[in-house]
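*Asks:* Dropping in coords.cif, which is mmCIF, C-alpha atoms:
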```cif
data_data
loop_
_atom_site.group_PDB
_atom_site.id
_atom_site.type_symbol
_atom_site.label_atom_id
_atom_site.label_comp_id
_atom_site.auth_asym_id
_atom_site.auth_seq_id
_atom_site.Cartn_x
_atom_site.Cartn_y
_atom_site.Cartn_z
ATOM 1 C CA MET A 269 26.477 4.964 -3.685
ATOM 2 C CA ALA A 270 28.054 2.381 -1.433
ATOM 3 C CA ALA A 271 24.797 0.700 -0.515
ATOM 4 C CA HIS A 272 25.221 -2.959 0.333
ATOM 5 C CA ILE A 273 23.051 -4.533 -2.355
ATOM 6 C CA LEU A 274 22.211 -8.152 -1.659
ATOM 7 C CA PRO A 275 21.591 -10.551 -4.540
ATOM 8 C CA LYS A 276 17.895 -11.347 -4.993
ATOM 9 C CA ARG A 277 18.407 -15.030 -4.237
ATOM 10 C CA VAL A 278 19.113 -14.114 -0.585
ATOM 11 C CA TYR A 279 15.561 -12.767 -0.296
ATOM 12 C CA TYR A 280 14.059 -15.809 -2.025
ATOM 13 C CA THR A 281 16.031 -18.155 0.256
ATOM 14 C CA ILE A 282 14.897 -16.339 3.410
ATOM 15 C CA PHE A 283 11.319 -16.399 2.100
ATOM 16 C CA ALA A 284 11.499 -20.182 1.547
ATOM 17 C CA ILE A 285 12.900 -20.750 5.055
ATOM 18 C CA LEU A 286 10.139 -18.552 6.580
ATOM 19 C CA MET A 287 7.450 -20.522 4.724
ATOM 20 C CA PHE A 288 8.943 -23.866 5.791
ATOM 21 C CA CYS A 289 9.098 -22.704 9.431
ATOM 22 C CA THR A 290 5.436 -21.660 9.254
ATOM 23 C CA TYR A 291 4.499 -25.133 7.965
ATOM 24 C CA LEU A 292 6.596 -26.754 10.719
ATOM 25 C CA THR A 293 5.111 -24.687 13.565
ATOM 26 C CA VAL A 294 1.532 -25.414 12.412
ATOM 27 C CA GLN A 295 2.231 -29.174 12.205
ATOM 28 C CA ILE A 296 3.685 -29.184 15.730
ATOM 29 C CA ALA A 297 0.509 -27.520 17.070
ATOM 30 C CA PHE A 298 -1.522 -30.650 16.228
ATOM 31 C CA PHE A 299 0.390 -32.683 18.817
ATOM 32 C CA ASP A 300 -0.091 -32.364 22.547
ATOM 33 C CA LEU A 301 3.443 -32.004 23.840
ATOM 34 C CA GLY A 302 2.652 -30.167 27.068
ATOM 35 C CA ARG A 303 5.112 -27.376 27.769
ATOM 36 C CA LEU A 304 7.167 -28.321 24.710
ATOM 37 C CA ASN A 305 4.418 -26.885 22.471
ATOM 38 C CA ALA A 306 5.014 -23.355 23.734
ATOM 39 C CA ILE A 307 8.800 -23.761 23.717
ATOM 40 C CA ALA A 308 8.833 -25.055 20.119
ATOM 41 C CA ALA A 309 6.393 -22.380 18.898
ATOM 42 C CA LEU A 310 8.394 -19.558 20.486
ATOM 43 C CA ALA A 311 11.747 -20.952 19.350
ATOM 44 C CA ILE A 312 10.530 -21.130 15.735
ATOM 45 C CA ALA A 313 9.002 -17.632 15.976
ATOM 46 C CA ALA A 314 12.234 -16.223 17.418
ATOM 47 C CA PHE A 315 14.243 -17.856 14.627
ATOM 48 C CA LYS A 316 11.879 -16.434 11.970
ATOM 49 C CA ALA A 317 12.066 -12.948 13.516
ATOM 50 C CA THR A 318 15.866 -13.155 13.632
ATOM 51 C CA ILE A 319 16.287 -13.928 9.935
ATOM 52 C CA VAL A 320 13.761 -11.210 9.011
ATOM 53 C CA ILE A 321 15.753 -8.688 11.078
ATOM 54 C CA LEU A 322 19.164 -9.790 9.765
ATOM 55 C CA PHE A 323 18.358 -10.102 6.052
ATOM 56 C CA PHE A 324 15.045 -8.410 5.133
ATOM 57 C CA MET A 325 15.835 -5.489 7.446
ATOM 58 C CA HIS A 326 19.552 -5.524 6.519
ATOM 59 C CA VAL A 327 20.733 -5.332 10.137
ATOM 60 C CA LYS A 328 23.495 -7.862 9.349
ATOM 61 C CA TYR A 329 25.023 -5.156 7.124
ATOM 62 C CA SER A 330 24.203 -2.147 9.336
ATOM 63 C CA THR A 331 26.433 -0.076 11.578
ATOM 64 C CA ARG A 332 27.365 -1.224 15.079
ATOM 65 C CA LEU A 333 25.202 1.550 16.501
ATOM 66 C CA THR A 334 22.156 0.040 14.778
ATOM 67 C CA TRP A 335 23.102 -3.370 16.197
ATOM 68 C CA ALA A 336 23.262 -1.853 19.681
ATOM 69 C CA VAL A 337 19.800 -0.286 19.299
ATOM 70 C CA VAL A 338 18.270 -3.538 18.001
ATOM 71 C CA LEU A 339 19.810 -5.627 20.789
ATOM 72 C CA GLY A 340 18.774 -2.914 23.264
ATOM 73 C CA SER A 341 15.094 -3.414 22.398
ATOM 74 C CA ILE A 342 15.391 -7.152 23.078
ATOM 75 C CA PHE A 343 17.316 -6.499 26.293
ATOM 76 C CA TRP A 344 14.713 -4.034 27.610
ATOM 77 C CA PHE A 345 11.854 -6.371 26.747
ATOM 78 C CA GLY A 346 13.817 -9.082 28.590
ATOM 79 C CA ILE A 347 13.873 -6.915 31.720
ATOM 80 C CA LEU A 348 10.089 -6.484 31.479
ATOM 81 C CA VAL A 349 9.510 -10.232 31.181
ATOM 82 C CA ALA A 350 12.095 -11.296 33.765
ATOM 83 C CA LEU A 351 10.913 -8.964 36.519
ATOM 84 C CA THR A 352 7.190 -9.477 35.873
ATOM 85 C CA MET A 353 7.391 -13.277 35.716
ATOM 86 C CA GLY A 354 9.799 -13.264 38.646
ATOM 87 C CA ASP A 355 6.873 -11.836 40.579
ATOM 88 C CA TYR A 356 3.960 -13.881 39.186
ATOM 89 C CA LEU A 357 5.713 -17.259 39.119
ATOM 90 C CA THR A 358 6.872 -17.004 42.733
ATOM 91 C CA ARG A 359 3.607 -15.786 44.294
ATOM 92 C CA SER A 360 2.489 -19.348 45.022
ATOM 93 C CA TRP A 361 5.617 -20.078 47.050
ATOM 94 C CA ARG A 362 4.184 -18.154 50.035
ATOM 95 C CA MET A 363 7.404 -18.450 52.010
ATOM 96 C CA PHE A 364 6.248 -15.920 54.566
ATOM 97 C CA GLY A 365 2.545 -16.809 54.508
ATOM 98 C CA MET B 6 31.771 21.182 5.402
ATOM 99 C CA SER B 7 34.479 21.621 2.750
ATOM 100 C CA PRO B 8 34.301 24.651 0.465
ATOM 101 C CA GLU B 9 33.619 22.451 -2.594
ATOM 102 C CA ALA B 10 30.657 20.828 -0.880
ATOM 103 C CA ALA B 11 29.311 24.256 0.018
ATOM 104 C CA HIS B 12 29.490 25.202 -3.604
ATOM 105 C CA HIS B 13 27.740 22.041 -4.767
ATOM 106 C CA PRO B 14 24.775 21.993 -2.431
ATOM 107 C CA HIS B 15 22.438 20.352 -4.879
ATOM 108 C CA VAL B 16 22.717 16.600 -4.387
ATOM 109 C CA PRO B 17 19.096 15.450 -4.887
ATOM 110 C CA GLY B 18 17.551 14.228 -1.646
ATOM 111 C CA LEU B 19 20.483 15.317 0.558
ATOM 112 C CA ALA B 20 19.398 17.500 3.461
ATOM 113 C CA HIS B 21 21.769 20.384 4.210
ATOM 114 C CA HIS B 22 22.702 19.208 7.705
ATOM 115 C CA PHE B 23 24.316 15.979 6.423
ATOM 116 C CA ASP B 24 27.771 15.717 4.869
ATOM 117 C CA SER B 25 26.878 12.925 2.485
ATOM 118 C CA LEU B 26 24.017 10.679 1.398
ATOM 119 C CA GLU B 27 25.726 7.742 3.128
ATOM 120 C CA GLN B 28 25.744 9.591 6.432
ATOM 121 C CA GLN B 29 22.130 10.593 5.876
ATOM 122 C CA THR B 30 21.079 7.010 5.123
ATOM 123 C CA GLU B 31 22.834 5.747 8.269
ATOM 124 C CA ALA B 32 21.135 8.410 10.355
ATOM 125 C CA THR B 33 17.646 7.740 8.964
ATOM 126 C CA THR B 34 18.052 3.983 9.426
ATOM 127 C CA LEU B 35 19.171 4.502 13.019
ATOM 128 C CA GLY B 36 16.292 6.910 13.652
ATOM 129 C CA MET B 37 13.783 4.383 12.328
ATOM 130 C CA TRP B 38 15.243 1.685 14.564
ATOM 131 C CA VAL B 39 14.922 3.939 17.604
ATOM 132 C CA PHE B 40 11.237 4.332 16.725
ATOM 133 C CA LEU B 41 10.929 0.559 16.280
ATOM 134 C CA VAL B 42 12.383 0.053 19.774
ATOM 135 C CA THR B 43 9.475 2.071 21.183
ATOM 136 C CA GLU B 44 7.156 -0.136 19.125
ATOM 137 C CA VAL B 45 8.771 -3.289 20.522
ATOM 138 C CA LEU B 46 8.049 -2.037 24.038
ATOM 139 C CA PHE B 47 4.536 -0.897 23.030
ATOM 140 C CA PHE B 48 3.588 -4.365 21.757
ATOM 141 C CA GLY B 49 5.853 -5.891 24.424
ATOM 142 C CA GLY B 50 3.556 -4.688 27.208
ATOM 143 C CA LEU B 51 0.646 -6.547 25.594
ATOM 144 C CA PHE B 52 2.724 -9.681 25.067
ATOM 145 C CA MET B 53 3.608 -9.463 28.768
ATOM 146 C CA VAL B 54 -0.072 -9.235 29.804
ATOM 147 C CA TYR B 55 -0.805 -12.208 27.533
ATOM 148 C CA THR B 56 2.000 -14.250 29.122
ATOM 149 C CA VAL B 57 0.813 -13.537 32.672
ATOM 150 C CA TYR B 58 -2.821 -14.487 31.966
ATOM 151 C CA ARG B 59 -1.878 -17.548 29.949
ATOM 152 C CA THR B 60 0.268 -18.704 32.877
ATOM 153 C CA LEU B 61 -2.636 -18.118 35.297
ATOM 154 C CA TYR B 62 -5.408 -19.705 33.160
ATOM 155 C CA PRO B 63 -3.841 -22.260 30.799
ATOM 156 C CA GLU B 64 -7.001 -24.394 30.263
ATOM 157 C CA ALA B 65 -9.229 -21.448 29.353
ATOM 158 C CA PHE B 66 -6.570 -20.048 27.002
ATOM 159 C CA ALA B 67 -6.133 -23.407 25.242
ATOM 160 C CA ALA B 68 -9.912 -23.878 24.864
ATOM 161 C CA ALA B 69 -10.424 -20.312 23.560
ATOM 162 C CA SER B 70 -7.437 -20.581 21.205
ATOM 163 C CA HIS B 71 -8.843 -23.783 19.673
ATOM 164 C CA THR B 72 -11.957 -21.872 18.518
ATOM 165 C CA LEU B 73 -9.780 -19.769 16.170
ATOM 166 C CA ASP B 74 -9.552 -20.878 12.531
ATOM 167 C CA ILE B 75 -6.054 -22.318 12.138
ATOM 168 C CA THR B 76 -6.400 -22.560 8.337
ATOM 169 C CA LEU B 77 -7.199 -18.859 7.918
ATOM 170 C CA GLY B 78 -4.471 -17.988 10.418
ATOM 171 C CA THR B 79 -1.902 -20.019 8.484
ATOM 172 C CA ILE B 80 -2.960 -18.554 5.124
ATOM 173 C CA ASN B 81 -2.683 -15.060 6.604
ATOM 174 C CA THR B 82 0.806 -15.812 7.933
ATOM 175 C CA ALA B 83 1.865 -16.971 4.469
ATOM 176 C CA VAL B 84 0.288 -13.874 2.884
ATOM 177 C CA LEU B 85 2.126 -11.539 5.251
ATOM 178 C CA ILE B 86 5.483 -13.305 4.773
ATOM 179 C CA THR B 87 4.989 -13.007 1.006
ATOM 180 C CA SER B 88 4.268 -9.282 1.421
ATOM 181 C CA SER B 89 7.556 -8.979 3.321
ATOM 182 C CA LEU B 90 9.306 -10.617 0.359
ATOM 183 C CA THR B 91 7.733 -8.153 -2.119
ATOM 184 C CA MET B 92 8.698 -5.294 0.231
ATOM 185 C CA ALA B 93 12.307 -6.544 0.360
ATOM 186 C CA LEU B 94 12.280 -6.751 -3.450
ATOM 187 C CA ALA B 95 10.911 -3.184 -3.634
ATOM 188 C CA VAL B 96 13.880 -2.002 -1.547
ATOM 189 C CA HIS B 97 16.200 -4.018 -3.790
ATOM 190 C CA ALA B 98 14.699 -2.346 -6.872
ATOM 191 C CA ALA B 99 15.061 1.055 -5.160
ATOM 192 C CA GLN B 100 18.765 0.440 -4.504
ATOM 193 C CA LEU B 101 19.175 -0.160 -8.235
ATOM 194 C CA GLY B 102 16.942 2.796 -9.158
ATOM 195 C CA GLN B 103 14.486 0.614 -11.112
ATOM 196 C CA ARG B 104 11.491 2.948 -10.880
ATOM 197 C CA LYS B 105 8.945 0.681 -12.539
ATOM 198 C CA LEU B 106 9.912 -2.379 -10.487
ATOM 199 C CA ILE B 107 9.699 -0.388 -7.226
ATOM 200 C CA MET B 108 6.127 0.568 -8.085
ATOM 201 C CA ILE B 109 5.162 -2.991 -9.055
ATOM 202 C CA PHE B 110 6.537 -4.409 -5.794
ATOM 203 C CA LEU B 111 4.977 -1.631 -3.673
ATOM 204 C CA ILE B 112 1.584 -2.322 -5.247
ATOM 205 C CA ALA B 113 2.085 -6.073 -4.718
ATOM 206 C CA THR B 114 2.883 -5.396 -1.048
ATOM 207 C CA MET B 115 -0.275 -3.302 -0.670
ATOM 208 C CA ALA B 116 -2.366 -5.933 -2.448
ATOM 209 C CA LEU B 117 -1.098 -8.692 -0.135
ATOM 210 C CA GLY B 118 -1.696 -6.415 2.855
ATOM 211 C CA SER B 119 -5.298 -5.968 1.695
ATOM 212 C CA VAL B 120 -5.749 -9.745 1.392
ATOM 213 C CA PHE B 121 -4.470 -10.101 4.967
ATOM 214 C CA LEU B 122 -6.916 -7.480 6.279
ATOM 215 C CA GLY B 123 -9.770 -9.050 4.287
ATOM 216 C CA ILE B 124 -9.136 -12.486 5.784
ATOM 217 C CA LYS B 125 -8.823 -10.887 9.224
ATOM 218 C CA GLY B 126 -12.240 -9.296 8.620
ATOM 219 C CA VAL B 127 -13.744 -12.715 7.810
ATOM 220 C CA GLU B 128 -12.278 -14.087 11.050
ATOM 221 C CA TYR B 129 -13.618 -11.152 13.086
ATOM 222 C CA TYR B 130 -17.053 -11.650 11.508
ATOM 223 C CA SER B 131 -17.235 -15.293 12.581
ATOM 224 C CA LYS B 132 -16.162 -14.314 16.106
ATOM 225 C CA PHE B 133 -19.092 -11.873 16.254
ATOM 226 C CA VAL B 134 -21.466 -14.598 14.984
ATOM 227 C CA GLU B 135 -20.183 -17.047 17.642
ATOM 228 C CA HIS B 136 -20.624 -14.428 20.423
ATOM 229 C CA HIS B 137 -16.912 -14.667 21.191
ATOM 230 C CA VAL B 138 -16.517 -10.881 21.309
ATOM 231 C CA PRO B 139 -16.000 -9.756 24.931
ATOM 232 C CA GLY B 140 -18.896 -7.808 26.356
ATOM 233 C CA ALA B 141 -22.518 -8.189 27.404
ATOM 234 C CA SER B 142 -23.404 -10.820 24.794
ATOM 235 C CA PHE B 143 -20.258 -12.914 25.301
ATOM 236 C CA HIS B 144 -20.919 -16.634 25.334
ATOM 237 C CA PHE B 145 -18.453 -19.504 25.607
ATOM 238 C CA GLU B 146 -19.225 -23.171 24.986
ATOM 239 C CA GLU B 147 -17.636 -24.271 28.268
ATOM 240 C CA PRO B 148 -19.353 -22.106 30.933
ATOM 241 C CA GLN B 149 -16.826 -22.856 33.696
ATOM 242 C CA LEU B 150 -14.066 -21.378 31.494
ATOM 243 C CA ALA B 151 -16.110 -18.439 30.137
ATOM 244 C CA ALA B 152 -14.752 -15.698 32.421
ATOM 245 C CA HIS B 153 -11.135 -16.492 31.618
ATOM 246 C CA ALA B 154 -11.808 -17.242 27.935
ATOM 247 C CA GLN B 155 -13.148 -13.694 27.763
ATOM 248 C CA ILE B 156 -9.709 -12.439 28.846
ATOM 249 C CA PHE B 157 -8.172 -14.405 25.965
ATOM 250 C CA PHE B 158 -10.579 -12.872 23.450
ATOM 251 C CA SER B 159 -10.026 -9.368 24.861
ATOM 252 C CA LEU B 160 -6.308 -9.807 24.224
ATOM 253 C CA TYR B 161 -6.998 -11.418 20.842
ATOM 254 C CA PHE B 162 -8.991 -8.416 19.620
ATOM 255 C CA LEU B 163 -6.678 -5.852 21.222
ATOM 256 C CA MET B 164 -3.466 -7.350 19.828
ATOM 257 C CA THR B 165 -4.717 -8.309 16.348
ATOM 258 C CA GLY B 166 -6.620 -5.000 16.171
ATOM 259 C CA LEU B 167 -3.508 -2.990 17.021
ATOM 260 C CA HIS B 168 -1.567 -5.060 14.489
ATOM 261 C CA ALA B 169 -4.226 -4.399 11.837
ATOM 262 C CA LEU B 170 -4.077 -0.662 12.635
ATOM 263 C CA HIS B 171 -0.329 -0.778 12.011
ATOM 264 C CA MET B 172 -0.976 -2.427 8.659
ATOM 265 C CA ILE B 173 -3.455 0.293 7.696
ATOM 266 C CA ILE B 174 -0.847 2.931 8.621
ATOM 267 C CA GLY B 175 1.684 0.940 6.568
ATOM 268 C CA PHE B 176 -0.760 1.133 3.680
ATOM 269 C CA GLY B 177 -0.690 4.935 3.909
ATOM 270 C CA ILE B 178 3.126 4.919 3.998
ATOM 271 C CA MET B 179 3.182 2.739 0.854
ATOM 272 C CA LEU B 180 0.885 5.242 -0.902
ATOM 273 C CA PHE B 181 3.346 8.038 -0.103
ATOM 274 C CA MET B 182 6.246 5.924 -1.346
ATOM 275 C CA LEU B 183 4.320 5.145 -4.518
ATOM 276 C CA GLY B 184 3.768 8.866 -5.081
ATOM 277 C CA TRP B 185 7.445 9.709 -4.500
ATOM 278 C CA THR B 186 8.556 6.938 -6.830
ATOM 279 C CA TRP B 187 6.077 8.095 -9.476
ATOM 280 C CA LYS B 188 7.432 11.659 -9.254
ATOM 281 C CA GLY B 189 11.007 10.392 -9.588
ATOM 282 C CA THR B 190 12.113 11.463 -6.097
ATOM 283 C CA ILE B 191 13.378 7.931 -5.411
ATOM 284 C CA THR B 192 16.672 7.151 -7.143
ATOM 285 C CA ALA B 193 19.512 4.665 -6.711
ATOM 286 C CA GLU B 194 21.287 7.391 -4.683
ATOM 287 C CA TYR B 195 18.272 8.468 -2.632
ATOM 288 C CA TYR B 196 16.459 5.194 -1.898
ATOM 289 C CA SER B 197 16.353 5.460 1.895
ATOM 290 C CA PRO B 198 12.625 6.385 2.127
ATOM 291 C CA ILE B 199 11.798 2.970 0.612
ATOM 292 C CA GLU B 200 14.298 1.293 2.951
ATOM 293 C CA ILE B 201 12.691 2.997 5.979
ATOM 294 C CA ALA B 202 9.165 2.081 4.826
ATOM 295 C CA GLY B 203 10.462 -1.479 4.432
ATOM 296 C CA LEU B 204 11.780 -1.529 8.015
ATOM 297 C CA TYR B 205 8.298 -0.560 9.223
ATOM 298 C CA TRP B 206 6.565 -3.202 7.111
ATOM 299 C CA HIS B 207 8.959 -5.971 8.206
ATOM 300 C CA PHE B 208 8.450 -4.958 11.839
ATOM 301 C CA VAL B 209 4.688 -5.373 11.452
ATOM 302 C CA ASP B 210 5.400 -8.780 9.905
ATOM 303 C CA ILE B 211 7.549 -9.745 12.919
ATOM 304 C CA VAL B 212 4.735 -8.804 15.315
ATOM 305 C CA TRP B 213 2.475 -11.235 13.439
ATOM 306 C CA ILE B 214 5.197 -13.923 13.459
ATOM 307 C CA PHE B 215 4.809 -13.899 17.267
ATOM 308 C CA LEU B 216 1.042 -13.284 17.402
ATOM 309 C CA PHE B 217 0.263 -16.273 15.187
ATOM 310 C CA PRO B 218 1.734 -19.038 17.396
ATOM 311 C CA LEU B 219 0.685 -17.304 20.641
ATOM 312 C CA LEU B 220 -2.965 -16.923 19.614
ATOM 313 C CA TYR B 221 -3.580 -19.843 17.233
ATOM 314 C CA LEU B 222 -1.085 -22.587 18.097
ATOM 315 C CA LEU B 223 -1.481 -23.495 21.746
ATOM 316 C CA GLY B 224 -0.888 -27.186 21.167
ATOM 317 C CA GLY B 225 -3.010 -30.313 21.258
ATOM 318 C CA ARG B 226 -5.228 -29.174 18.408
ATOM 319 C CA GLY B 227 -5.540 -32.770 17.206
ATOM 320 C CA HIS B 228 -7.916 -33.564 20.101
#
```
Output the file's structure in the form of C-alpha cells.
*Replies:*
Amino acid sequence: MAAHILPKRVYYTIFAILMFCTYLTVQIAFFDLGRLNAIAALAIAAFKATIVILFFMHVKYSTRLTWAVVLGSIFWFGILVALTMGDYLTRSWRMFG
Amino acid sequence: MSPEAAHHPHVPGLAHHFDSLEQQTEATTLGMWVFLVTEVLFFGGLFMVYTVYRTLYPEAFAAASHTLDITLGTINTAVLITSSLTMALAVHAAQLGQRKLIMIFLIATMALGSVFLGIKGVEYYSKFVEHHVPGASFHFEEPQLAAHAQIFFSLYFLMTGLHALHMIIGFGIMLFMLGWTWKGTITAEYYSPIEIAGLYWHFVDIVWIFLFPLLYLLGGRGH
C-alpha cells in the first residue's frame, strides 16, 4: 500500500507547537492591546488550524482535488464574512441619510 | 476492470466499484472533506453571527467573556489538542496495521474526549449557579450591559453545545472504529476508516481552536 506514512516525530513536533501556541495566546489575553488582541488571537488560531489541517489531517500529502475542496471551504466562508461585514461595518456611514 | 482483477475480486475491504484500494482511499478522503466543507459553513454561520454582535456590542462581550474560567478553558484546549495527537497516532498505527496500538490510541482519544466533556460540564454548572444562562432567570453583574451580555451567553451555549454534540457523535464513531479494529477489519491495507474518523476528530478540534480565543480570550483580562 502506497500510503504516505509520516514518522511519529512529525506528530510530536506539531503537538508541541500547538501547545506552545495555546500558552502564547492565553498570555497575550492578559494584556489590553485594543484591536491587536483580536488580531493576535485569530492569527494564532489560524496558524494552529493550518498545521492541524496540513499534518494531522494529511492534506499536505493529499491529492490536488482534496486541496481544492479544503481551500474552497475557506473561500466560501470568506464570501460569507466579506459580504456580511461589508454591510454591517458600513451602515453607520449613512451616505444617503 | 481487467480480466485478472475480475477473477480476484476478494481484496479485503475493497468495494467492487473501485479499481484499487488506493483509488478507494482517495475517494473516501475526498468524500469526507466534502462533508467537512458543509460543517465549516454550518459552524461558519454561527461564527458570523458572533462576529456581527461582537462588533456591535464590544463592551458587553468583553465583560461577559471575562466571567468565563480561563484556567478551565485552557486546560480543555490542552486536553483536546492531546486527543488530536492520540488520534493522529491511532491513524499512524492503522497505517502500519498495529491492531493493539490502534485500540490503545482510540481508547486514549475517547478518554481525553470524556475529560473535555466533564470539564465542560463543570463550566456549564457554574454558569447555571451564576444565573448566566439566558432566559427568565438571567442576571448579569453590570445591569446596563445585561441585555447584550445575554446575547454573548446565548452564543456561548449554542456554539459550545453544538461543539460538544459533535464530540459525543465522535465518541460513537470511535466506538465503531474500536469494534472494527477488534474484529480485524482494519489492516495496513484497509486503514481508511480510521483515517476518516481522524479527519472528523481533528475537525472538531479545529472548531475548538477558534472557539477558545473567541469566547475566552477577549483581551485585557489582567484588569
*Asks:* Kindly provide the residues of chain A that approach chain B to within 6 Å, each paired with its closest atom pair and their distance in Å to one decimal, based on all atoms listed in the file, listed by chain and increasing number, as a tab-separated table.
*Replies:*
```
residue	atom	partner	partner_atom	distance
A:Met269	CA	B:Glu194	CA	5.8
A:Ala297	CA	B:Gly224	CA	4.3
A:Phe298	CA	B:Arg226	CA	4.5
A:Phe299	CA	B:Gly225	CA	4.8
A:Asp300	CA	B:Gly225	CA	3.8
A:Asn305	CA	B:Gly224	CA	5.5
A:Ala309	CA	B:Pro218	CA	5.9
A:Ala313	CA	B:Phe215	CA	5.8
A:Ala317	CA	B:Ile211	CA	5.6
A:Phe324	CA	B:Ala93	CA	5.8
A:Met325	CA	B:Leu204	CA	5.7
A:Thr334	CA	B:Leu35	CA	5.6
A:Ser341	CA	B:Val42	CA	5.1
```
*Asks:* Name the residues in contact with Ser70 of chain B at a cut-off of 9 Å, using all atoms listed in the file, excluding same-chain residues fewer than 2 positions from it; report them as a ChimeraX atom specification.
*Replies:* /B:65-68,72-74,154,157-158,219-223
*Asks:* Just so the selection is clear, what residues does the PyMOL selection byres ((chain A and resi 282) around 9) cover here, as a VMD selection string?
*Replies:* (chain A and resid 277 to 281 283 to 287 319 to 320 323 to 324) or (chain B and resid 90)
